[in-house]
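**Student:** My structure is stored as data_15.cif, with mmCIF, C-alpha atoms and all ligand atoms.
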```cif
data_entry
loop_
_atom_site.label_atom_id
_atom_site.label_comp_id
_atom_site.auth_asym_id
_atom_site.auth_seq_id
_atom_site.Cartn_x
_atom_site.Cartn_y
_atom_site.Cartn_z
CA MET A 1 -19.81 -19.17 26.99
CA LYS A 2 -18.63 -20.77 23.74
CA ARG A 3 -14.89 -20.92 23.07
CA VAL A 4 -13.33 -19.22 20.04
CA LYS A 5 -12.00 -22.14 17.97
CA LYS A 6 -12.56 -21.01 14.39
CA ALA A 7 -11.04 -18.21 12.35
CA ILE A 8 -11.76 -16.60 9.00
CA ILE A 9 -8.89 -15.29 6.88
CA PRO A 10 -10.27 -13.28 3.96
CA ALA A 11 -7.91 -13.62 1.01
CA ALA A 12 -10.08 -12.86 -2.00
CA GLY A 13 -8.84 -9.32 -2.68
CA LEU A 14 -7.40 -8.51 -6.10
CA GLY A 15 -4.11 -7.08 -4.82
CA THR A 16 -4.22 -4.11 -7.18
CA ARG A 17 -1.69 -2.19 -5.10
CA PHE A 18 0.99 -4.71 -6.09
CA LEU A 19 0.30 -5.07 -9.80
CA PRO A 20 1.89 -6.38 -11.95
CA ALA A 21 3.37 -8.76 -9.32
CA THR A 22 -0.13 -9.94 -8.39
CA LYS A 23 -1.42 -10.44 -11.93
CA ALA A 24 -0.79 -14.18 -11.77
CA MET A 25 0.09 -14.62 -8.08
CA PRO A 26 -2.07 -14.04 -4.98
CA LYS A 27 -0.86 -11.04 -2.97
CA GLU A 28 -1.05 -13.28 0.14
CA MET A 29 1.83 -15.32 -1.35
CA LEU A 30 4.25 -12.38 -1.60
CA PRO A 31 7.15 -13.36 0.67
CA ILE A 32 8.67 -11.48 3.58
CA ILE A 33 12.19 -12.97 3.26
CA ASP A 34 11.23 -16.62 2.73
CA ARG A 35 7.69 -16.97 4.05
CA PRO A 36 4.49 -15.87 2.32
CA THR A 37 2.64 -13.17 4.28
CA ILE A 38 -0.35 -15.47 4.83
CA ASP A 39 1.94 -17.92 6.65
CA TYR A 40 2.51 -15.35 9.41
CA ILE A 41 -1.26 -14.93 9.78
CA VAL A 42 -1.92 -18.68 9.99
CA GLU A 43 0.90 -18.98 12.54
CA GLU A 44 -0.67 -16.25 14.70
CA ALA A 45 -4.03 -18.06 14.64
CA LYS A 46 -2.35 -21.34 15.55
CA ARG A 47 -0.43 -19.81 18.45
CA SER A 48 -3.73 -18.37 19.69
CA GLY A 49 -5.40 -21.76 20.05
CA ILE A 50 -7.48 -21.64 16.86
CA GLU A 51 -8.27 -25.18 15.66
CA ASP A 52 -9.94 -24.53 12.30
CA ILE A 53 -9.24 -21.80 9.77
CA ILE A 54 -11.33 -21.01 6.73
CA ILE A 55 -9.58 -19.02 4.06
CA VAL A 56 -11.95 -17.13 1.78
CA THR A 57 -10.29 -17.21 -1.63
CA GLY A 58 -11.27 -16.07 -5.08
CA LYS A 59 -10.22 -16.37 -8.68
CA GLY A 60 -6.49 -17.00 -9.18
CA LYS A 61 -5.76 -18.01 -5.57
CA ARG A 62 -4.88 -21.69 -6.04
CA ALA A 63 -1.27 -21.12 -4.94
CA ILE A 64 -2.55 -20.52 -1.37
CA GLU A 65 -4.11 -23.99 -1.26
CA ASP A 66 -0.97 -25.57 -2.71
CA HIS A 67 1.16 -23.77 -0.13
CA PHE A 68 -0.72 -25.26 2.83
CA ASP A 69 -1.06 -28.71 1.22
CA LYS A 70 1.32 -31.65 1.47
CA ASN A 71 3.87 -31.81 -1.36
CA ILE A 72 5.05 -35.42 -1.40
CA GLU A 73 7.44 -35.03 -4.34
CA LEU A 74 9.21 -32.10 -2.72
CA GLU A 75 9.33 -33.86 0.66
CA ASP A 76 10.88 -37.00 -0.91
CA ASN A 77 13.43 -34.87 -2.67
CA LEU A 78 14.46 -33.07 0.53
CA ILE A 79 14.65 -36.37 2.46
CA LYS A 80 16.95 -37.86 -0.20
CA LYS A 81 19.20 -34.80 0.00
CA GLY A 82 19.20 -34.89 3.80
CA LYS A 83 17.74 -31.36 4.05
CA HIS A 84 15.79 -31.98 7.23
CA ALA A 85 15.57 -28.38 8.45
CA LEU A 86 13.93 -27.37 5.18
CA LEU A 87 11.64 -30.39 5.30
CA GLU A 88 10.23 -29.21 8.62
CA LYS A 89 9.53 -25.79 7.14
CA ILE A 90 7.41 -27.11 4.29
CA GLN A 91 5.37 -29.75 6.11
CA PRO A 92 1.75 -28.78 6.82
CA SER A 93 0.96 -28.15 10.47
CA SER A 94 -0.91 -30.84 12.32
CA ASN A 95 -2.41 -28.55 15.01
CA VAL A 96 -4.71 -26.64 12.74
CA GLU A 97 -6.99 -27.62 9.92
CA ILE A 98 -7.30 -25.27 6.94
CA HIS A 99 -10.48 -25.11 4.86
CA TYR A 100 -11.33 -23.05 1.79
CA ILE A 101 -14.33 -21.34 0.28
CA ARG A 102 -14.47 -19.07 -2.73
CA GLN A 103 -16.05 -15.66 -2.84
CA LYS A 104 -17.78 -15.60 -6.21
CA GLU A 105 -17.43 -11.87 -6.88
CA PRO A 106 -15.19 -9.26 -5.23
CA ARG A 107 -17.91 -7.49 -3.21
CA GLY A 108 -15.86 -6.40 -0.23
CA LEU A 109 -14.63 -7.63 3.14
CA GLY A 110 -18.12 -7.84 4.68
CA ASN A 111 -19.26 -10.15 1.92
CA ALA A 112 -16.08 -12.29 2.19
CA VAL A 113 -16.75 -12.86 5.91
CA TRP A 114 -20.41 -13.64 5.19
CA CYS A 115 -19.30 -16.36 2.72
CA ALA A 116 -17.94 -18.37 5.69
CA ARG A 117 -21.20 -18.28 7.71
CA LYS A 118 -22.10 -21.95 7.23
CA PHE A 119 -18.65 -23.07 8.30
CA ILE A 120 -18.78 -20.93 11.46
CA GLY A 121 -22.36 -21.81 12.49
CA ASP A 122 -23.56 -20.52 15.84
CA GLU A 123 -20.18 -19.82 17.47
CA PRO A 124 -18.05 -16.77 18.17
CA PHE A 125 -15.14 -16.59 15.74
CA ALA A 126 -11.97 -14.70 14.91
CA VAL A 127 -11.19 -12.71 11.75
CA LEU A 128 -7.58 -12.00 10.75
CA LEU A 129 -6.80 -9.77 7.79
CA GLY A 130 -3.71 -10.56 5.78
CA ASP A 131 -2.58 -6.97 5.28
CA ASP A 132 -1.61 -6.63 8.93
CA ILE A 133 1.07 -8.68 10.64
CA VAL A 134 1.09 -8.29 14.43
CA ARG A 135 4.19 -9.25 16.38
CA ALA A 136 3.72 -9.41 20.11
CA GLU A 137 4.57 -11.66 23.03
CA THR A 138 0.89 -12.62 23.21
CA PRO A 139 -0.28 -12.97 19.59
CA GLY A 140 -2.67 -10.23 18.45
CA ILE A 141 -5.76 -12.38 18.04
CA LYS A 142 -5.03 -14.19 21.32
CA GLN A 143 -5.18 -10.81 23.10
CA LEU A 144 -8.70 -10.33 21.73
CA ILE A 145 -9.77 -13.90 22.54
CA MET A 146 -8.66 -13.37 26.16
CA GLN A 147 -10.80 -10.21 26.36
CA PHE A 148 -13.72 -12.00 24.71
CA GLU A 149 -13.55 -14.67 27.39
CA LYS A 150 -14.07 -11.97 30.03
CA LEU A 151 -16.69 -9.88 28.21
CA ASP A 152 -18.60 -12.40 26.06
CA SER A 153 -19.00 -9.59 23.48
CA SER A 154 -17.58 -8.80 20.06
CA ILE A 155 -14.24 -7.05 20.17
CA ILE A 156 -12.00 -5.33 17.61
CA GLY A 157 -8.21 -4.83 17.70
CA VAL A 158 -7.17 -1.18 17.34
CA GLN A 159 -4.06 0.99 17.50
CA GLU A 160 -3.42 4.73 17.37
CA ILE A 161 -2.47 6.08 13.92
CA PRO A 162 -1.36 9.53 12.69
CA ILE A 163 -4.40 11.74 11.95
CA GLU A 164 -3.51 12.05 8.24
CA GLU A 165 -3.95 8.27 7.77
CA THR A 166 -7.62 7.96 8.86
CA GLU A 167 -8.76 7.55 5.26
CA ARG A 168 -7.04 4.15 5.07
CA TYR A 169 -8.76 2.55 8.07
CA GLY A 170 -11.94 1.86 9.98
CA ILE A 171 -11.96 4.40 12.83
CA VAL A 172 -13.45 3.84 16.27
CA GLU A 173 -15.29 6.40 18.37
CA SER A 174 -14.93 5.33 21.96
CA ASP A 175 -17.53 5.78 24.68
CA LYS A 176 -15.62 4.78 27.78
CA LYS A 177 -12.05 3.65 28.30
CA GLN A 178 -10.55 1.39 30.92
CA GLY A 179 -6.87 0.66 30.37
CA ARG A 180 -6.60 -0.70 26.82
CA LEU A 181 -10.31 -1.49 26.58
CA HIS A 182 -12.87 0.86 25.02
CA SER A 183 -16.60 0.46 24.69
CA VAL A 184 -17.44 1.41 21.13
CA LYS A 185 -19.83 4.27 20.43
CA LYS A 186 -19.55 4.26 16.66
CA LEU A 187 -17.36 3.01 13.80
CA VAL A 188 -16.65 4.84 10.56
CA GLU A 189 -14.97 3.21 7.57
CA LYS A 190 -12.20 5.29 5.98
CA PRO A 191 -13.31 8.79 7.03
CA LYS A 192 -11.52 11.89 5.80
CA MET A 193 -9.24 13.42 8.41
CA GLU A 194 -11.74 16.22 9.19
CA ALA A 195 -14.59 13.76 9.74
CA ALA A 196 -12.65 11.16 11.79
CA PRO A 197 -14.02 10.81 15.32
CA SER A 198 -10.60 9.71 16.67
CA THR A 199 -7.24 8.26 15.63
CA LEU A 200 -8.02 4.75 16.90
CA ALA A 201 -7.83 2.54 13.82
CA ILE A 202 -9.03 -1.02 13.25
CA MET A 203 -5.99 -3.27 12.85
CA GLY A 204 -7.42 -6.25 11.00
CA ARG A 205 -8.14 -8.40 14.07
CA TYR A 206 -11.67 -9.14 15.28
CA VAL A 207 -13.55 -11.59 17.51
CA LEU A 208 -17.22 -11.51 16.54
CA THR A 209 -20.44 -13.14 17.66
CA PRO A 210 -22.41 -14.99 14.95
CA ALA A 211 -25.14 -12.29 15.13
CA ILE A 212 -23.00 -10.42 12.59
CA PHE A 213 -24.01 -12.80 9.75
CA ASP A 214 -27.68 -11.70 9.63
CA LEU A 215 -26.50 -8.11 9.48
CA LEU A 216 -23.99 -8.83 6.71
CA GLU A 217 -26.67 -10.58 4.70
CA ASN A 218 -28.52 -7.32 4.05
CA GLN A 219 -25.65 -4.86 4.49
CA VAL A 220 -25.75 -2.15 1.82
CA PRO A 221 -22.48 -1.18 0.11
CA GLY A 222 -20.53 1.55 1.90
CA ALA A 223 -17.09 3.14 1.39
CA GLY A 224 -15.64 2.31 -2.05
CA GLY A 225 -18.99 0.77 -3.11
CA GLU A 226 -18.10 -2.39 -1.14
CA ILE A 227 -19.95 -4.29 1.57
CA GLN A 228 -18.00 -3.19 4.62
CA LEU A 229 -17.51 -5.35 7.72
CA THR A 230 -17.12 -2.10 9.70
CA ASP A 231 -20.65 -0.95 8.77
CA ALA A 232 -22.17 -4.27 9.88
CA ILE A 233 -20.26 -4.13 13.20
CA ASN A 234 -21.64 -0.63 13.69
CA ARG A 235 -25.16 -2.07 13.44
CA LEU A 236 -24.18 -4.98 15.69
CA ASN A 237 -23.19 -2.38 18.30
CA GLU A 238 -26.85 -1.25 18.40
CA LEU A 239 -27.92 -4.78 19.34
CA GLU A 240 -25.09 -5.80 21.67
CA GLN A 241 -22.15 -3.81 23.07
CA VAL A 242 -19.03 -4.04 20.91
CA TYR A 243 -15.61 -3.35 22.43
CA ALA A 244 -12.25 -2.23 21.02
CA TYR A 245 -8.93 -3.27 22.51
CA GLN A 246 -5.66 -1.44 21.94
CA LEU A 247 -3.40 -4.26 20.81
CA GLU A 248 0.00 -4.64 22.41
CA GLY A 249 2.98 -5.19 20.13
CA ASN A 250 4.20 -4.08 16.75
CA ARG A 251 1.98 -4.03 13.76
CA TYR A 252 3.36 -4.23 10.23
CA ASP A 253 1.35 -3.01 7.30
CA VAL A 254 2.09 -5.32 4.38
CA GLY A 255 -0.90 -4.10 2.38
CA ASP A 256 0.98 -1.40 0.48
CA LYS A 257 4.37 -1.19 -1.19
CA MET A 258 6.12 1.07 1.29
CA GLY A 259 4.80 -0.88 4.30
CA PHE A 260 5.82 -4.13 2.64
CA LEU A 261 9.35 -2.89 1.99
CA ARG A 262 9.67 -1.58 5.54
CA THR A 263 8.46 -4.91 6.99
CA THR A 264 10.93 -6.84 4.85
CA VAL A 265 13.86 -4.72 6.01
CA ASP A 266 12.69 -4.78 9.63
CA PHE A 267 12.30 -8.60 9.64
CA ALA A 268 15.66 -8.99 7.90
CA LEU A 269 17.38 -6.85 10.54
CA GLU A 270 15.95 -9.12 13.25
CA ASN A 271 16.71 -12.37 11.44
CA SER A 272 19.59 -14.23 13.14
CA GLU A 273 20.31 -16.07 9.88
CA PHE A 274 21.79 -12.82 8.52
CA SER A 275 23.68 -11.83 11.72
CA GLY A 276 24.63 -8.20 11.10
CA GLN A 277 24.92 -8.53 7.33
CA VAL A 278 21.74 -6.57 6.68
CA GLU A 279 22.94 -3.55 8.65
CA GLN A 280 26.19 -3.65 6.72
CA MET A 281 24.32 -3.92 3.44
CA LEU A 282 22.07 -0.96 4.29
CA ARG A 283 25.09 1.18 5.20
CA GLU A 284 26.80 0.29 1.92
CA LEU A 285 23.68 1.04 -0.11
CA LEU A 286 23.17 4.41 1.56
CA GLU A 287 26.79 5.35 1.01
CA LYS A 288 26.52 4.39 -2.64
CA TYR A 289 23.25 6.30 -2.99
CA HIS A 290 24.64 9.46 -1.37
CA SER A 291 27.88 9.45 -3.36
CA ARG A 292 25.82 9.18 -6.54
CA GLU A 293 23.75 12.17 -5.46
CA VAL A 294 26.97 14.20 -5.18
CA VAL A 295 28.19 13.13 -8.66
CA ARG A 296 24.84 14.17 -10.16
C1 LIG B 301 -9.84 -3.19 6.12
C2 LIG B 301 -11.00 -2.72 7.02
C3 LIG B 301 -10.59 -1.49 7.82
C4 LIG B 301 -9.32 -1.79 8.59
C5 LIG B 301 -8.20 -2.28 7.65
C6 LIG B 301 -6.99 -2.71 8.43
O1 LIG B 301 -9.65 -2.22 5.10
O2 LIG B 301 -12.14 -2.45 6.23
O3 LIG B 301 -11.64 -1.12 8.69
O4 LIG B 301 -8.91 -0.64 9.30
O5 LIG B 301 -8.64 -3.38 6.85
O6 LIG B 301 -5.95 -3.11 7.60
P1 LIG B 301 -8.79 -2.54 3.75
O7 LIG B 301 -7.37 -2.24 4.12
O8 LIG B 301 -9.03 -3.96 3.42
O9 LIG B 301 -9.33 -1.59 2.74
#
```
What's the structure tokens form of this structure?
**Tutor:**
Amino acid sequence: MKRVKKAIIPAAGLGTRFLPATKAMPKEMLPIIDRPTIDYIVEEAKRSGIEDIIIVTGKGKRAIEDHFDKNIELEDNLIKKGKHALLEKIQPSSNVEIHYIRQKEPRGLGNAVWCARKFIGDEPFAVLLGDDIVRAETPGIKQLIMQFEKLDSSIIGVQEIPIEETERYGIVESDKKQGRLHSVKKLVEKPKMEAAPSTLAIMGRYVLTPAIFDLLENQVPGAGGEIQLTDAINRLNELEQVYAYQLEGNRYDVGDKMGFLRTTVDFALENSEFSGQVEQMLRELLEKYHSREVVR
């Protein structure tokens, strides 16, 4: 069996949910406290033993490349000022190599993954979506890689969601279940609540066999008029069994404003740098907010 050494991070989306912030800045660069969201995704891949990452970018995404590049001027400046802790934070990692390819037109997630086919070649690979941050003892994608090593089949990370949210996710219909592992019967991209076969939602983590590329090549547009990865995986499931694995750990949705705000507050509460100050701040803000309500 071939090892999973390469990962694709699609980052070509337009970020319309965060406009105007994302008019001139990639949404993947929006920071949770002091780190861009894409940094958390790269870190997860690194901690999972991935050696090469290809980021699929698009128009206006240069800041991502600059972020992962060496910045000699800045490094010199920090060295001169003796700011060694900061220096460590901005130096590119040596354990993982990052490569880039541009998606020419925004044609959907399936097309973005297909753009990386030549880089991946004939190997199984991981896909990590930037809208989901997974925090777990064993990193999210590592959990899937470990399952892949047992099954030698494509596998998708899922979690249970409330029924009224099915329209935001790819939903999995399961055939058989053993512990956290399901064999997939069918996948549906963003079904309405009434049409959803379950509440098991795809969480933006996949390990796929390269057979997916031929399917993506002629995949017709699906939900939202876009070429959907979910639809191609559904067809892959007719050729070889696809599995779903209920990921352990907390998942943070940074793909919409409310989820982003919640993640920021949650990460701030856990951050030892702030030691209790965030709780205090939240209490003060709530008090101020409530007293204003009374005045009104
Ligand atoms: C994508 C996938 C969807 C998945 C979701 C997870 O949708 O198409 O199947 O459930 O990511 O975040 P998007 O949120 O990019 O529309």
**Student:** Quick one: residues within 6 Å of ligand LIG 301 (chain B), with all atoms listed in the file, as a PyMOL selection string?
**Tutor:** chain A and resi 131-132+169-170+189+201-204+230
**Student:** Find the residues around Ser174 (chain A) up to 12 Å (all atoms listed in the file counted), leave out those fewer than 4 positions away in its own chain, and share them as number ranges by chain.
**Tutor:** A: 156, 158, 178, 180-188, 196-201, 237, 241-246
**Student:** Between A:Val42, A:Ile64, A:Leu144, A:Leu109, which is the closest to Gly225 (chain A) once you count all atoms listed in the file?
**Tutor:**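 Smallest separation from Gly225 (chain A) among the options: A:Leu109.
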**Student:** Can you tell me how far CA of Pro221 (chain A) sits from CA of Arg168 (chain A), in Å to one decimal?
**Tutor:** 17.1 Å
**Student:** From the list A:Asn271, A:Asn77, A:Gln277, A:Thr264, which residue is nearest Leu30 (chain A) when using all atoms listed in the file?
**Tutor:**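 Ranking A:Asn271, A:Asn77, A:Gln277, A:Thr264 by distance to Leu30 (chain A), first place goes to A:Thr264.
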**Student:** For Asp231 (chain A), which residue out of A:Gln103, A:Thr166, A:Thr22, A:Gln219 is the nearest one, using all atoms listed in the file?
**Tutor:** A:Gln219
**Student:** Can you work out the spacing between CA of Leu229 (chain A) and CA of Ile145 (chain A) in Å, to one decimal?
**Tutor:** 18.8 Å
**Student:** Would you list the contacts of region 118-121 of chain A as a list in words, taking every protein, DNA or RNA residue within 8 Å and counting all atoms listed in the file, but skipping same-chain residues closer than 3 positions in sequence?
**Tutor:**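 Surrounding residues, per the criterion: Lys6, Ile54, Cys115, Pro124, Phe125 and Pro210 of chain A.
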